[in-house]
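Chemist: File follows, final_38.cif with mmCIF, C-alpha atoms:
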```
data_data
#
loop_
_atom_site.label_atom_id
_atom_site.label_comp_id
_atom_site.auth_asym_id
_atom_site.auth_seq_id
_atom_site.Cartn_x
_atom_site.Cartn_y
_atom_site.Cartn_z
CA MET A 23 -62.49 37.69 -53.85
CA ASN A 24 -60.33 40.40 -55.43
CA TYR A 25 -61.47 44.00 -55.69
CA PRO A 26 -60.26 46.85 -57.94
CA GLY A 27 -56.93 48.25 -56.83
CA GLY A 28 -55.87 44.92 -55.43
CA ILE A 29 -57.78 45.51 -52.22
CA ARG A 30 -58.92 42.28 -50.69
CA LYS A 31 -62.15 42.75 -48.86
CA LYS A 32 -62.06 41.51 -45.33
CA GLN A 33 -64.29 38.61 -44.59
CA GLU A 34 -67.40 39.88 -42.89
CA ASN A 35 -68.96 36.72 -41.64
CA THR A 36 -66.80 36.73 -38.52
CA VAL A 37 -68.55 34.90 -35.75
CA ILE A 38 -67.58 35.93 -32.27
CA SER A 39 -66.26 32.80 -30.71
CA TYR A 40 -64.50 32.39 -27.41
CA LYS A 41 -63.20 28.97 -28.13
CA ASN A 42 -59.52 28.26 -27.97
CA ARG A 43 -57.91 30.31 -30.75
CA GLY A 44 -54.38 29.09 -30.44
CA MET A 45 -53.88 30.30 -26.88
CA THR A 46 -52.32 27.76 -24.64
CA LEU A 47 -54.28 26.35 -21.75
CA GLU A 48 -51.70 27.90 -19.41
CA ALA A 49 -52.19 31.39 -20.86
CA GLU A 50 -55.97 31.04 -20.58
CA LEU A 51 -55.75 29.87 -16.98
CA ASN A 52 -53.37 32.68 -16.05
CA SER A 53 -55.75 35.19 -17.58
CA SER A 54 -58.69 33.58 -15.75
CA ASN A 55 -56.79 33.71 -12.46
CA LEU A 56 -56.00 37.38 -13.05
CA TYR A 57 -59.71 38.00 -13.59
CA TYR A 58 -60.61 36.13 -10.40
CA LYS A 59 -58.01 38.18 -8.50
CA GLU A 60 -59.11 41.53 -9.89
CA GLU A 61 -62.73 40.76 -9.04
CA ASN A 62 -61.69 39.57 -5.56
CA ILE A 63 -63.24 36.19 -6.29
CA ALA A 64 -60.22 33.98 -5.68
CA TYR A 65 -56.44 34.19 -5.34
CA ILE A 66 -54.95 31.38 -7.37
CA TYR A 67 -51.46 31.46 -8.89
CA LYS A 68 -49.27 29.30 -11.04
CA LYS A 69 -46.09 28.32 -9.25
CA PRO A 70 -42.88 29.05 -11.12
CA THR A 71 -41.07 25.99 -12.51
CA PRO A 72 -38.35 24.95 -10.07
CA ILE A 73 -34.85 25.53 -11.43
CA LYS A 74 -31.60 24.01 -10.28
CA LEU A 75 -29.09 26.84 -10.23
CA VAL A 76 -25.57 25.91 -11.28
CA GLN A 77 -23.87 29.20 -12.03
CA VAL A 78 -25.16 32.56 -10.81
CA ASP A 79 -23.68 36.03 -10.94
CA TYR A 80 -25.47 37.50 -7.92
CA HIS A 81 -24.01 40.98 -8.49
CA ARG A 82 -25.79 41.15 -11.82
CA ASN A 83 -28.78 39.07 -10.62
CA LEU A 84 -27.95 36.84 -13.59
CA ILE A 85 -28.35 33.08 -13.96
CA LYS A 86 -25.62 31.80 -16.30
CA GLU A 87 -26.41 28.11 -15.98
CA GLY A 88 -29.53 26.45 -14.66
CA TYR A 89 -31.68 23.42 -15.35
CA PHE A 90 -35.44 22.92 -15.20
CA GLU A 91 -36.47 20.49 -12.51
CA LYS A 92 -39.57 18.33 -12.22
CA PRO A 93 -42.09 19.92 -9.89
CA SER A 94 -42.99 17.86 -6.80
CA THR A 95 -46.38 19.49 -6.44
CA THR A 96 -49.07 20.64 -8.83
CA ASP A 97 -48.68 23.89 -10.74
CA TYR A 98 -51.58 25.94 -9.41
CA ASN A 99 -52.83 26.64 -5.93
CA GLY A 100 -54.63 29.27 -3.92
CA ILE A 101 -57.77 30.15 -2.02
CA TYR A 102 -61.45 30.37 -3.02
CA LYS A 103 -64.34 30.88 -0.60
CA GLY A 104 -61.93 30.16 2.23
CA LYS A 105 -61.07 26.76 0.68
CA TYR A 106 -57.66 25.54 -0.39
CA ILE A 107 -57.62 25.02 -4.19
CA ASP A 108 -54.94 22.91 -5.89
CA PHE A 109 -54.73 21.69 -9.47
CA GLU A 110 -52.61 20.64 -12.40
CA ALA A 111 -53.32 21.65 -16.00
CA LYS A 112 -52.18 19.63 -19.00
CA GLU A 113 -52.65 19.59 -22.72
CA THR A 114 -52.52 16.44 -24.82
CA THR A 115 -52.49 15.99 -28.59
CA SER A 116 -54.11 12.57 -28.24
CA LYS A 117 -57.73 12.43 -29.38
CA THR A 118 -58.64 9.36 -27.40
CA SER A 119 -56.87 9.31 -24.05
CA PHE A 120 -54.74 11.26 -21.57
CA PRO A 121 -51.31 9.65 -21.08
CA LEU A 122 -50.52 9.29 -17.39
CA SER A 123 -46.85 9.96 -18.12
CA ASN A 124 -47.93 13.63 -18.07
CA ILE A 125 -48.26 13.51 -14.29
CA HIS A 126 -45.14 12.66 -12.26
CA PRO A 127 -45.36 10.21 -9.32
CA HIS A 128 -44.64 13.06 -6.86
CA GLN A 129 -47.53 15.00 -8.28
CA ILE A 130 -49.84 12.00 -7.92
CA GLU A 131 -48.80 11.67 -4.27
CA HIS A 132 -49.43 15.41 -3.83
CA ILE A 133 -52.93 15.18 -5.36
CA ARG A 134 -53.74 12.29 -3.04
CA ASN A 135 -52.45 14.23 -0.01
CA ILE A 136 -54.42 17.37 -0.82
CA LYS A 137 -57.63 15.44 -1.43
CA ASP A 138 -57.19 13.54 1.87
CA ALA A 139 -56.46 16.81 3.70
CA GLY A 140 -59.78 18.27 2.59
CA GLY A 141 -58.50 20.52 -0.18
CA ILE A 142 -60.26 21.05 -3.50
CA SER A 143 -57.98 19.08 -5.80
CA PHE A 144 -58.44 18.53 -9.53
CA LEU A 145 -56.94 18.25 -13.00
CA ILE A 146 -57.74 20.39 -16.02
CA VAL A 147 -56.99 18.44 -19.18
CA ARG A 148 -57.30 19.80 -22.70
CA PHE A 149 -57.46 17.53 -25.73
CA THR A 150 -56.11 20.15 -28.16
CA LYS A 151 -56.88 18.27 -31.40
CA ILE A 152 -60.58 18.03 -30.61
CA ASP A 153 -60.63 21.26 -28.58
CA LYS A 154 -62.23 19.77 -25.49
CA THR A 155 -61.24 20.77 -21.97
CA TYR A 156 -62.23 18.76 -18.92
CA TYR A 157 -62.22 19.24 -15.16
CA LEU A 158 -61.60 15.94 -13.36
CA THR A 159 -61.71 15.84 -9.55
CA GLY A 160 -58.70 14.58 -7.62
CA GLU A 161 -60.99 11.88 -6.21
CA ASP A 162 -61.93 10.55 -9.65
CA PHE A 163 -58.33 10.78 -10.83
CA ILE A 164 -56.98 8.76 -7.87
CA ASP A 165 -59.92 6.37 -8.17
CA PHE A 166 -58.93 5.63 -11.77
CA LEU A 167 -55.31 4.97 -10.77
CA GLU A 168 -56.37 2.59 -8.03
CA LYS A 169 -58.82 0.61 -10.15
CA GLU A 170 -57.13 0.57 -13.53
CA THR A 171 -53.76 -0.59 -14.78
CA ARG A 172 -53.91 1.40 -18.04
CA LYS A 173 -51.21 3.96 -18.72
CA SER A 174 -53.67 6.52 -20.01
CA ILE A 175 -57.14 7.71 -19.05
CA PRO A 176 -59.56 7.17 -21.95
CA ILE A 177 -61.59 10.18 -22.96
CA HIS A 178 -64.86 8.38 -22.15
CA TYR A 179 -63.77 8.43 -18.47
CA PHE A 180 -63.58 12.23 -18.71
CA ASP A 181 -67.01 12.28 -20.41
CA GLU A 182 -68.46 10.08 -17.70
CA LYS A 183 -66.82 11.52 -14.56
CA GLY A 184 -65.52 14.95 -15.56
CA PHE A 185 -67.02 18.34 -16.33
CA ILE A 186 -66.63 20.08 -19.68
CA LEU A 187 -65.01 23.52 -19.42
CA LYS A 188 -66.18 25.74 -22.24
CA ASN A 189 -64.28 28.88 -23.22
CA THR A 190 -66.03 32.05 -22.21
CA PHE A 191 -65.21 35.75 -22.37
CA ARG A 192 -64.30 36.72 -18.83
CA PRO A 193 -62.88 34.64 -17.34
CA GLN A 194 -61.72 32.59 -20.29
CA ILE A 195 -62.10 29.33 -18.40
CA ASP A 196 -64.55 29.59 -15.52
CA TYR A 197 -63.40 26.50 -13.65
CA LEU A 198 -64.59 27.88 -10.30
CA LYS A 199 -68.16 27.28 -11.50
CA VAL A 200 -67.38 23.57 -11.28
CA VAL A 201 -65.85 24.09 -7.83
CA ASP A 202 -69.16 25.74 -6.82
CA LYS A 203 -71.09 22.67 -7.97
CA ILE A 204 -68.76 20.39 -6.03
CA LEU A 205 -69.01 22.55 -2.88
CA GLU A 206 -72.82 22.40 -3.09
CA VAL A 207 -72.74 18.60 -2.96
CA LYS A 208 -70.10 18.38 -0.18
CA MET B 3 -6.49 18.10 27.15
CA ASN B 4 -4.04 15.77 25.41
CA TYR B 5 -3.98 12.05 26.03
CA PRO B 6 -1.26 9.48 25.40
CA GLY B 7 -0.93 8.59 21.76
CA GLY B 8 -2.05 12.04 20.72
CA ILE B 9 -5.71 11.16 21.20
CA ARG B 10 -7.76 14.17 22.07
CA LYS B 11 -10.69 13.28 24.27
CA LYS B 12 -13.97 14.56 22.97
CA GLN B 13 -15.60 17.24 25.04
CA GLU B 14 -18.27 15.66 27.18
CA ASN B 15 -20.17 18.65 28.42
CA THR B 16 -22.17 18.92 25.21
CA VAL B 17 -25.52 20.51 25.90
CA ILE B 18 -28.24 19.51 23.51
CA SER B 19 -29.54 22.75 22.12
CA TYR B 20 -32.02 23.19 19.33
CA LYS B 21 -31.49 26.88 18.88
CA ASN B 22 -30.43 28.24 15.55
CA ARG B 23 -26.95 26.91 14.87
CA GLY B 24 -26.18 28.80 11.72
CA MET B 25 -28.98 27.30 9.66
CA THR B 26 -30.94 29.79 7.70
CA LEU B 27 -34.57 30.39 8.52
CA GLU B 28 -35.46 29.09 5.06
CA ALA B 29 -33.63 25.80 5.61
CA GLU B 30 -35.33 25.34 8.98
CA LEU B 31 -38.76 26.05 7.54
CA ASN B 32 -38.19 23.68 4.62
CA SER B 33 -37.15 20.97 7.07
CA SER B 34 -40.22 21.71 9.25
CA ASN B 35 -42.49 21.54 6.21
CA LEU B 36 -40.95 18.20 5.23
CA TYR B 37 -41.66 16.94 8.76
CA TYR B 38 -45.28 18.15 8.57
CA LYS B 39 -45.66 16.43 5.20
CA GLU B 40 -44.12 13.13 6.30
CA GLU B 41 -46.36 13.06 9.36
CA ASN B 42 -49.40 13.96 7.22
CA ILE B 43 -49.96 17.04 9.37
CA ALA B 44 -49.86 19.71 6.66
CA TYR B 45 -48.77 20.19 3.06
CA ILE B 46 -46.94 23.48 2.86
CA TYR B 47 -44.29 24.29 0.26
CA LYS B 48 -41.96 27.11 -0.62
CA LYS B 49 -42.63 28.46 -4.08
CA PRO B 50 -39.63 28.64 -6.40
CA THR B 51 -38.33 32.14 -7.09
CA PRO B 52 -39.78 33.36 -10.39
CA ILE B 53 -37.15 33.65 -13.12
CA LYS B 54 -37.32 35.63 -16.32
CA LEU B 55 -35.92 33.37 -19.00
CA VAL B 56 -33.87 35.11 -21.68
CA GLN B 57 -31.91 32.35 -23.38
CA VAL B 58 -32.83 28.67 -23.12
CA ASP B 59 -31.50 25.61 -24.87
CA TYR B 60 -34.60 23.43 -24.63
CA HIS B 61 -32.87 20.42 -26.19
CA ARG B 62 -30.44 20.33 -23.29
CA ASN B 63 -33.03 21.58 -20.74
CA LEU B 64 -30.46 24.33 -20.06
CA ILE B 65 -31.02 27.94 -19.05
CA LYS B 66 -28.17 30.02 -20.46
CA GLU B 67 -29.46 33.42 -19.39
CA GLY B 68 -32.11 34.24 -16.82
CA TYR B 69 -32.85 36.85 -14.18
CA PHE B 70 -34.45 36.57 -10.76
CA GLU B 71 -37.76 38.39 -10.56
CA LYS B 72 -39.56 39.84 -7.57
CA PRO B 73 -42.28 37.49 -6.37
CA SER B 74 -45.81 38.90 -6.49
CA THR B 75 -47.05 36.60 -3.74
CA THR B 76 -45.61 35.28 -0.51
CA ASP B 77 -43.08 32.44 -0.56
CA TYR B 78 -44.93 29.71 1.31
CA ASN B 79 -48.42 28.32 1.00
CA GLY B 80 -50.38 25.15 1.51
CA ILE B 81 -53.07 23.42 3.52
CA TYR B 82 -53.44 22.61 7.23
CA LYS B 83 -56.58 21.22 8.86
CA GLY B 84 -58.43 22.03 5.66
CA LYS B 85 -57.39 25.70 5.93
CA TYR B 86 -55.43 27.71 3.40
CA ILE B 87 -52.05 28.71 4.91
CA ASP B 88 -49.97 31.52 3.40
CA PHE B 89 -46.87 33.21 4.76
CA GLU B 90 -43.64 35.04 4.11
CA ALA B 91 -40.40 34.39 6.03
CA LYS B 92 -37.66 36.97 6.42
CA GLU B 93 -34.43 37.42 8.31
CA THR B 94 -33.10 40.78 9.42
CA THR B 95 -29.73 41.72 10.91
CA SER B 96 -31.31 44.67 12.72
CA LYS B 97 -31.61 44.24 16.49
CA THR B 98 -34.34 46.79 16.94
CA SER B 99 -36.78 46.74 14.02
CA PHE B 100 -37.88 44.95 10.87
CA PRO B 101 -37.41 47.11 7.75
CA LEU B 102 -40.57 47.14 5.66
CA SER B 103 -38.44 47.31 2.51
CA ASN B 104 -38.16 43.52 2.98
CA ILE B 105 -41.74 43.08 1.81
CA HIS B 106 -42.62 44.26 -1.70
CA PRO B 107 -45.87 46.18 -2.33
CA HIS B 108 -47.30 43.25 -4.33
CA GLN B 109 -46.68 40.97 -1.38
CA ILE B 110 -48.43 43.38 0.98
CA GLU B 111 -51.44 43.43 -1.34
CA HIS B 112 -51.33 39.63 -1.43
CA ILE B 113 -51.23 39.34 2.38
CA ARG B 114 -54.22 41.70 2.60
CA ASN B 115 -56.14 39.66 -0.01
CA ILE B 116 -55.48 36.33 1.70
CA LYS B 117 -56.46 37.66 5.11
CA ASP B 118 -59.69 39.15 3.67
CA ALA B 119 -60.45 35.88 1.87
CA GLY B 120 -60.35 33.96 5.15
CA GLY B 121 -56.92 32.38 4.75
CA ILE B 122 -54.41 31.98 7.57
CA SER B 123 -51.89 34.63 6.64
CA PHE B 124 -48.75 35.57 8.59
CA LEU B 125 -45.10 36.59 8.60
CA ILE B 126 -42.23 34.75 10.23
CA VAL B 127 -39.46 37.22 11.04
CA ARG B 128 -36.09 36.28 12.50
CA PHE B 129 -33.82 38.85 14.13
CA THR B 130 -30.61 36.90 13.49
CA LYS B 131 -28.30 39.00 15.72
CA ILE B 132 -30.40 38.37 18.80
CA ASP B 133 -31.64 34.96 17.64
CA LYS B 134 -35.32 35.69 18.08
CA THR B 135 -37.98 34.46 15.68
CA TYR B 136 -41.52 35.80 15.65
CA TYR B 137 -44.84 34.87 14.13
CA LEU B 138 -46.91 37.96 13.30
CA THR B 139 -50.46 37.54 11.94
CA GLY B 140 -51.36 39.11 8.61
CA GLU B 141 -54.02 41.09 10.51
CA ASP B 142 -51.47 42.65 12.88
CA PHE B 143 -49.06 43.28 10.02
CA ILE B 144 -51.67 45.11 7.90
CA ASP B 145 -52.93 46.91 11.02
CA PHE B 146 -49.44 48.32 11.61
CA LEU B 147 -49.18 49.52 8.00
CA GLU B 148 -52.54 51.26 8.23
CA LYS B 149 -51.87 53.00 11.54
CA GLU B 150 -48.18 53.82 11.31
CA THR B 151 -46.04 55.75 8.88
CA ARG B 152 -42.75 54.23 10.03
CA LYS B 153 -40.64 52.36 7.50
CA SER B 154 -39.87 49.57 9.92
CA ILE B 155 -41.75 47.59 12.54
CA PRO B 156 -40.08 48.03 15.96
CA ILE B 157 -39.29 44.82 17.80
CA HIS B 158 -41.57 45.82 20.68
CA TYR B 159 -44.51 45.50 18.27
CA PHE B 160 -43.49 41.87 17.69
CA ASP B 161 -43.17 41.39 21.46
CA GLU B 162 -46.60 42.88 22.03
CA LYS B 163 -48.58 41.37 19.12
CA GLY B 164 -46.52 38.45 17.87
CA PHE B 165 -45.68 34.96 19.07
CA ILE B 166 -42.14 33.77 19.80
CA LEU B 167 -41.13 30.72 17.76
CA LYS B 168 -38.53 28.70 19.63
CA ASN B 169 -36.34 26.15 17.88
CA THR B 170 -37.28 22.58 18.67
CA PHE B 171 -36.11 19.17 17.48
CA ARG B 172 -38.82 17.96 15.14
CA PRO B 173 -40.07 20.07 13.55
CA GLN B 174 -37.35 22.68 13.91
CA ILE B 175 -39.87 25.51 13.94
CA ASP B 176 -43.32 24.40 15.03
CA TYR B 177 -45.21 27.38 13.66
CA LEU B 178 -48.43 25.37 13.25
CA LYS B 179 -48.75 25.41 17.06
CA VAL B 180 -49.39 29.13 16.75
CA VAL B 181 -51.88 28.47 13.94
CA ASP B 182 -53.68 26.10 16.35
CA LYS B 183 -53.93 28.86 18.97
CA ILE B 184 -55.31 31.26 16.39
CA LEU B 185 -57.84 28.71 15.09
CA GLU B 186 -59.06 28.13 18.68
CA VAL B 187 -59.91 31.81 19.03
CA LYS B 188 -61.49 32.16 15.56
#
```
Turn the structure described in the file into structure tokens.

Modeler:
Amino acid sequence: MNYPGGIRKKQENTVISYKNRGMTLEAELNSSNLYYKEENIAYIYKKPTPIKLVQVDYHRNLIKEGYFEKPSTTDYNGIYKGKYIDFEAKETTSKTSFPLSNIHPHQIEHIRNIKDAGGISFLIVRFTKIDKTYYLTGEDFIDFLEKETRKSIPIHYFDEKGFILKNTFRPQIDYLKVVDKILEVK
Amino acid sequence: MNYPGGIRKKQENTVISYKNRGMTLEAELNSSNLYYKEENIAYIYKKPTPIKLVQVDYHRNLIKEGYFEKPSTTDYNGIYKGKYIDFEAKETTSKTSFPLSNIHPHQIEHIRNIKDAGGISFLIVRFTKIDKTYYLTGEDFIDFLEKETRKSIPIHYFDEKGFILKNTFRPQIDYLKVVDKILEVK
């Protein structure tokens, strides 16, 4: 609607919503981890992407040539309630399934190792097109790989086995609530 | 000694020694962590150094300009016997003390947080000139910082509070033996 003087009145029916407003899953998780740290709840960090250095000017602290490498572990780890926490976070544009090509074989081996060693291991997967984010335990992820030959995990598997992570205010993604539930059962 | 035909007999008095033969502490720890992983004893990794990316050619996966950043956590973390393990490893050329300038304020805060959260936190410090490597608990490290105003930790503090890490064959530095001792007491 146009007003006199060309002023366009701002829309007033703004609904406060904490759902994903274009922020990447990574940014939301980093912000959540910062919240957990500041509140002394947990200390969980994203590992930097490994880089193969080819040409470095150490005097200037400058990398002139380097290449991104595939990580051999998951991206996030840390400590919560004395427990070792370890997870990978991925976004997919698919509306129906999560392509397993998103997780490298080394990462699968790592998830299996951490789960077997008694760590709290999981995936956080966001289906961006339908704005749904799931927590899937390492156990259920490995279980799928062992029982199925499909190259992607259908969304109904997430609905059946996973936990929905809704966006909240602080932290933006309170995935440790799911860890609490899992610790209760263990 | 020269032999007929110009053949030089190999020295036979080789003593098998596993002490540090020019390998860096980092290389020895990486090799030890690989051993722990292969034997399914522990899953402990060095985090990549964080890099500030300035110019990247994503089509070629190529970093054209980047700068090393100071890490805000320690370099190594992982899981052992279900426990969260977290440590920093440093070499010093000093023969008498370990300069605290080696550990950034963010790392000190991190060590304090991990210790308070019930993680197994420690430093591994090598005095390269005298070839001595110590394990110092996060508790004793923070204790020193709180009681002392010195800008370096004298080696006698390591002798008094720390544990000597001798070089062995496999793994090269068996620091989890010290963790075992500490877990027994806890």

Chemist: Since chain B and chain A share a sequence, can you fit the second onto the first over all C-alpha atoms in order and output it as a compact mmCIF listing (two decimals) with C-alpha atoms, in the coordinates of the input?

Modeler:
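Final output, selection_16.txt:
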```txt
# COMPACT_ATOMS: atom_id res chain seq x y z
CA MET A 23 -6.64 20.23 27.06
CA ASN A 24 -3.95 18.15 25.34
CA TYR A 25 -3.56 14.44 25.96
CA PRO A 26 -0.59 12.10 25.34
CA GLY A 27 -0.13 11.29 21.68
CA GLY A 28 -1.56 14.62 20.64
CA ILE A 29 -5.11 13.37 21.02
CA ARG A 30 -7.45 16.15 21.91
CA LYS A 31 -10.25 14.89 24.05
CA LYS A 32 -13.65 15.79 22.75
CA GLN A 33 -15.62 18.12 24.89
CA GLU A 34 -18.13 16.11 26.86
CA ASN A 35 -20.37 18.77 28.23
CA THR A 36 -22.41 18.89 25.04
CA VAL A 37 -25.89 20.08 25.79
CA ILE A 38 -28.54 18.94 23.38
CA SER A 39 -29.98 22.11 22.02
CA TYR A 40 -32.40 22.55 19.17
CA LYS A 41 -31.81 26.21 18.77
CA ASN A 42 -30.70 27.61 15.48
CA ARG A 43 -27.23 26.18 14.82
CA GLY A 44 -26.39 28.04 11.68
CA MET A 45 -29.26 26.62 9.64
CA THR A 46 -31.14 29.20 7.70
CA LEU A 47 -34.74 29.92 8.54
CA GLU A 48 -35.66 28.70 5.05
CA ALA A 49 -33.95 25.33 5.56
CA GLU A 50 -35.68 24.91 8.93
CA LEU A 51 -39.07 25.76 7.47
CA ASN A 52 -38.58 23.39 4.54
CA SER A 53 -37.66 20.62 6.94
CA SER A 54 -40.69 21.44 9.11
CA ASN A 55 -42.97 21.38 6.07
CA LEU A 56 -41.54 18.01 5.06
CA TYR A 57 -42.33 16.73 8.54
CA TYR A 58 -45.88 18.08 8.37
CA LYS A 59 -46.31 16.41 4.96
CA GLU A 60 -44.91 13.06 6.02
CA GLU A 61 -47.17 13.02 9.08
CA ASN A 62 -50.15 14.06 6.93
CA ILE A 63 -50.61 17.12 9.11
CA ALA A 64 -50.40 19.82 6.45
CA TYR A 65 -49.26 20.32 2.86
CA ILE A 66 -47.31 23.55 2.72
CA TYR A 67 -44.60 24.29 0.15
CA LYS A 68 -42.17 27.03 -0.68
CA LYS A 69 -42.78 28.44 -4.13
CA PRO A 70 -39.75 28.54 -6.40
CA THR A 71 -38.30 32.01 -7.05
CA PRO A 72 -39.68 33.33 -10.33
CA ILE A 73 -37.04 33.57 -13.05
CA LYS A 74 -37.12 35.59 -16.23
CA LEU A 75 -35.77 33.31 -18.94
CA VAL A 76 -33.65 35.01 -21.58
CA GLN A 77 -31.80 32.20 -23.30
CA VAL A 78 -32.85 28.55 -23.10
CA ASP A 79 -31.62 25.47 -24.89
CA TYR A 80 -34.80 23.40 -24.68
CA HIS A 81 -33.17 20.35 -26.28
CA ARG A 82 -30.77 20.14 -23.37
CA ASN A 83 -33.32 21.47 -20.83
CA LEU A 84 -30.66 24.09 -20.08
CA ILE A 85 -31.08 27.71 -19.03
CA LYS A 86 -28.13 29.72 -20.40
CA GLU A 87 -29.31 33.13 -19.27
CA GLY A 88 -31.95 34.02 -16.73
CA TYR A 89 -32.62 36.62 -14.07
CA PHE A 90 -34.24 36.36 -10.65
CA GLU A 91 -37.47 38.28 -10.43
CA LYS A 92 -39.25 39.75 -7.42
CA PRO A 93 -42.06 37.49 -6.29
CA SER A 94 -45.55 39.04 -6.40
CA THR A 95 -46.88 36.75 -3.70
CA THR A 96 -45.52 35.32 -0.48
CA ASP A 97 -43.10 32.40 -0.55
CA TYR A 98 -45.07 29.71 1.26
CA ASN A 99 -48.60 28.45 0.91
CA GLY A 100 -50.68 25.35 1.37
CA ILE A 101 -53.44 23.70 3.33
CA TYR A 102 -53.87 22.85 7.04
CA LYS A 103 -57.08 21.56 8.62
CA GLY A 104 -58.88 22.47 5.42
CA LYS A 105 -57.69 26.11 5.75
CA TYR A 106 -55.64 28.07 3.25
CA ILE A 107 -52.24 28.93 4.80
CA ASP A 108 -50.03 31.68 3.35
CA PHE A 109 -46.88 33.24 4.75
CA GLU A 110 -43.58 34.96 4.14
CA ALA A 111 -40.39 34.17 6.07
CA LYS A 112 -37.55 36.64 6.51
CA GLU A 113 -34.34 36.93 8.42
CA THR A 114 -32.88 40.23 9.59
CA THR A 115 -29.50 41.02 11.12
CA SER A 116 -30.98 44.01 12.94
CA LYS A 117 -31.31 43.54 16.70
CA THR A 118 -33.96 46.18 17.18
CA SER A 119 -36.36 46.26 14.26
CA PHE A 120 -37.52 44.55 11.06
CA PRO A 121 -36.94 46.75 7.99
CA LEU A 122 -40.08 46.91 5.86
CA SER A 123 -37.93 47.04 2.73
CA ASN A 124 -37.79 43.24 3.16
CA ILE A 125 -41.38 42.94 1.98
CA HIS A 126 -42.21 44.20 -1.53
CA PRO A 127 -45.37 46.27 -2.15
CA HIS A 128 -46.89 43.40 -4.18
CA GLN A 129 -46.36 41.07 -1.28
CA ILE A 130 -48.04 43.52 1.10
CA GLU A 131 -51.03 43.70 -1.24
CA HIS A 132 -51.07 39.89 -1.38
CA ILE A 133 -51.01 39.57 2.43
CA ARG A 134 -53.90 42.01 2.66
CA ASN A 135 -55.87 40.09 0.01
CA ILE A 136 -55.36 36.72 1.67
CA LYS A 137 -56.31 38.03 5.10
CA ASP A 138 -59.47 39.66 3.67
CA ALA A 139 -60.34 36.44 1.81
CA GLY A 140 -60.33 34.47 5.05
CA GLY A 141 -56.96 32.78 4.66
CA ILE A 142 -54.50 32.23 7.49
CA SER A 143 -51.86 34.81 6.62
CA PHE A 144 -48.72 35.61 8.60
CA LEU A 145 -45.03 36.50 8.65
CA ILE A 146 -42.23 34.53 10.26
CA VAL A 147 -39.38 36.87 11.12
CA ARG A 148 -36.06 35.81 12.60
CA PHE A 149 -33.72 38.28 14.27
CA THR A 150 -30.57 36.21 13.63
CA LYS A 151 -28.20 38.20 15.89
CA ILE A 152 -30.34 37.63 18.96
CA ASP A 153 -31.69 34.28 17.74
CA LYS A 154 -35.35 35.14 18.18
CA THR A 155 -38.04 34.03 15.74
CA TYR A 156 -41.52 35.51 15.72
CA TYR A 157 -44.87 34.69 14.15
CA LEU A 158 -46.82 37.87 13.35
CA THR A 159 -50.36 37.59 11.96
CA GLY A 160 -51.20 39.23 8.65
CA GLU A 161 -53.78 41.29 10.55
CA ASP A 162 -51.20 42.72 12.96
CA PHE A 163 -48.74 43.31 10.13
CA ILE A 164 -51.27 45.27 8.03
CA ASP A 165 -52.48 47.06 11.16
CA PHE A 166 -48.94 48.31 11.79
CA LEU A 167 -48.61 49.57 8.21
CA GLU A 168 -51.90 51.43 8.43
CA LYS A 169 -51.20 53.08 11.77
CA GLU A 170 -47.48 53.77 11.59
CA THR A 171 -45.27 55.68 9.19
CA ARG A 172 -42.03 54.01 10.33
CA LYS A 173 -39.98 52.10 7.79
CA SER A 174 -39.31 49.24 10.16
CA ILE A 175 -41.29 47.31 12.75
CA PRO A 176 -39.63 47.63 16.17
CA ILE A 177 -38.98 44.39 17.98
CA HIS A 178 -41.23 45.43 20.88
CA TYR A 179 -44.18 45.25 18.43
CA PHE A 180 -43.27 41.60 17.80
CA ASP A 181 -42.99 41.04 21.58
CA GLU A 182 -46.37 42.65 22.14
CA LYS A 183 -48.39 41.27 19.20
CA GLY A 184 -46.43 38.27 17.92
CA PHE A 185 -45.74 34.74 19.10
CA ILE A 186 -42.25 33.43 19.82
CA LEU A 187 -41.33 30.37 17.75
CA LYS A 188 -38.83 28.23 19.61
CA ASN A 189 -36.72 25.63 17.82
CA THR A 190 -37.78 22.10 18.55
CA PHE A 191 -36.73 18.66 17.34
CA ARG A 192 -39.46 17.56 14.97
CA PRO A 193 -40.63 19.73 13.39
CA GLN A 194 -37.84 22.24 13.80
CA ILE A 195 -40.23 25.17 13.87
CA ASP A 196 -43.74 24.17 14.91
CA TYR A 197 -45.52 27.24 13.57
CA LEU A 198 -48.80 25.34 13.13
CA LYS A 199 -49.13 25.34 16.93
CA VAL A 200 -49.64 29.09 16.67
CA VAL A 201 -52.14 28.57 13.84
CA ASP A 202 -54.03 26.21 16.20
CA LYS A 203 -54.20 28.94 18.85
CA ILE A 204 -55.47 31.44 16.30
CA LEU A 205 -58.09 28.99 14.96
CA GLU A 206 -59.34 28.41 18.52
CA VAL A 207 -60.05 32.12 18.95
CA LYS A 208 -61.64 32.60 15.48
```

Chemist: Quick one, how far is CA of Thr26 in chain B from CA of Asp161 in chain B?

Modeler: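 Computing the Euclidean distance for CA of Thr26 in chain B and CA of Asp161 in chain B yields 21.8 Å.
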
Chemist: Measure the distance from CA of Gly121 in chain B to CA of Phe171 in chain B in Å and round it to one decimal.

Modeler: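 Result for CA of Gly121 in chain B versus CA of Phe171 in chain B: 27.7 Å, one decimal.
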
Chemist: For Lys86 in chain A, please output as a CSV table (one decimal) with C-alpha atoms, in the coordinates of the input all residues within 7 Å (counting all atoms listed in the file; exclusion window: fewer than 5 positions along the same chain).

Modeler:
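Final output, part04.csv:
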```csv
chain,number,residue,atom,x,y,z
A,77,GLN,CA,-23.9,29.2,-12.0
A,78,VAL,CA,-25.2,32.6,-10.8
B,66,LYS,CA,-28.2,30.0,-20.5
B,67,GLU,CA,-29.5,33.4,-19.4
B,68,GLY,CA,-32.1,34.2,-16.8
```
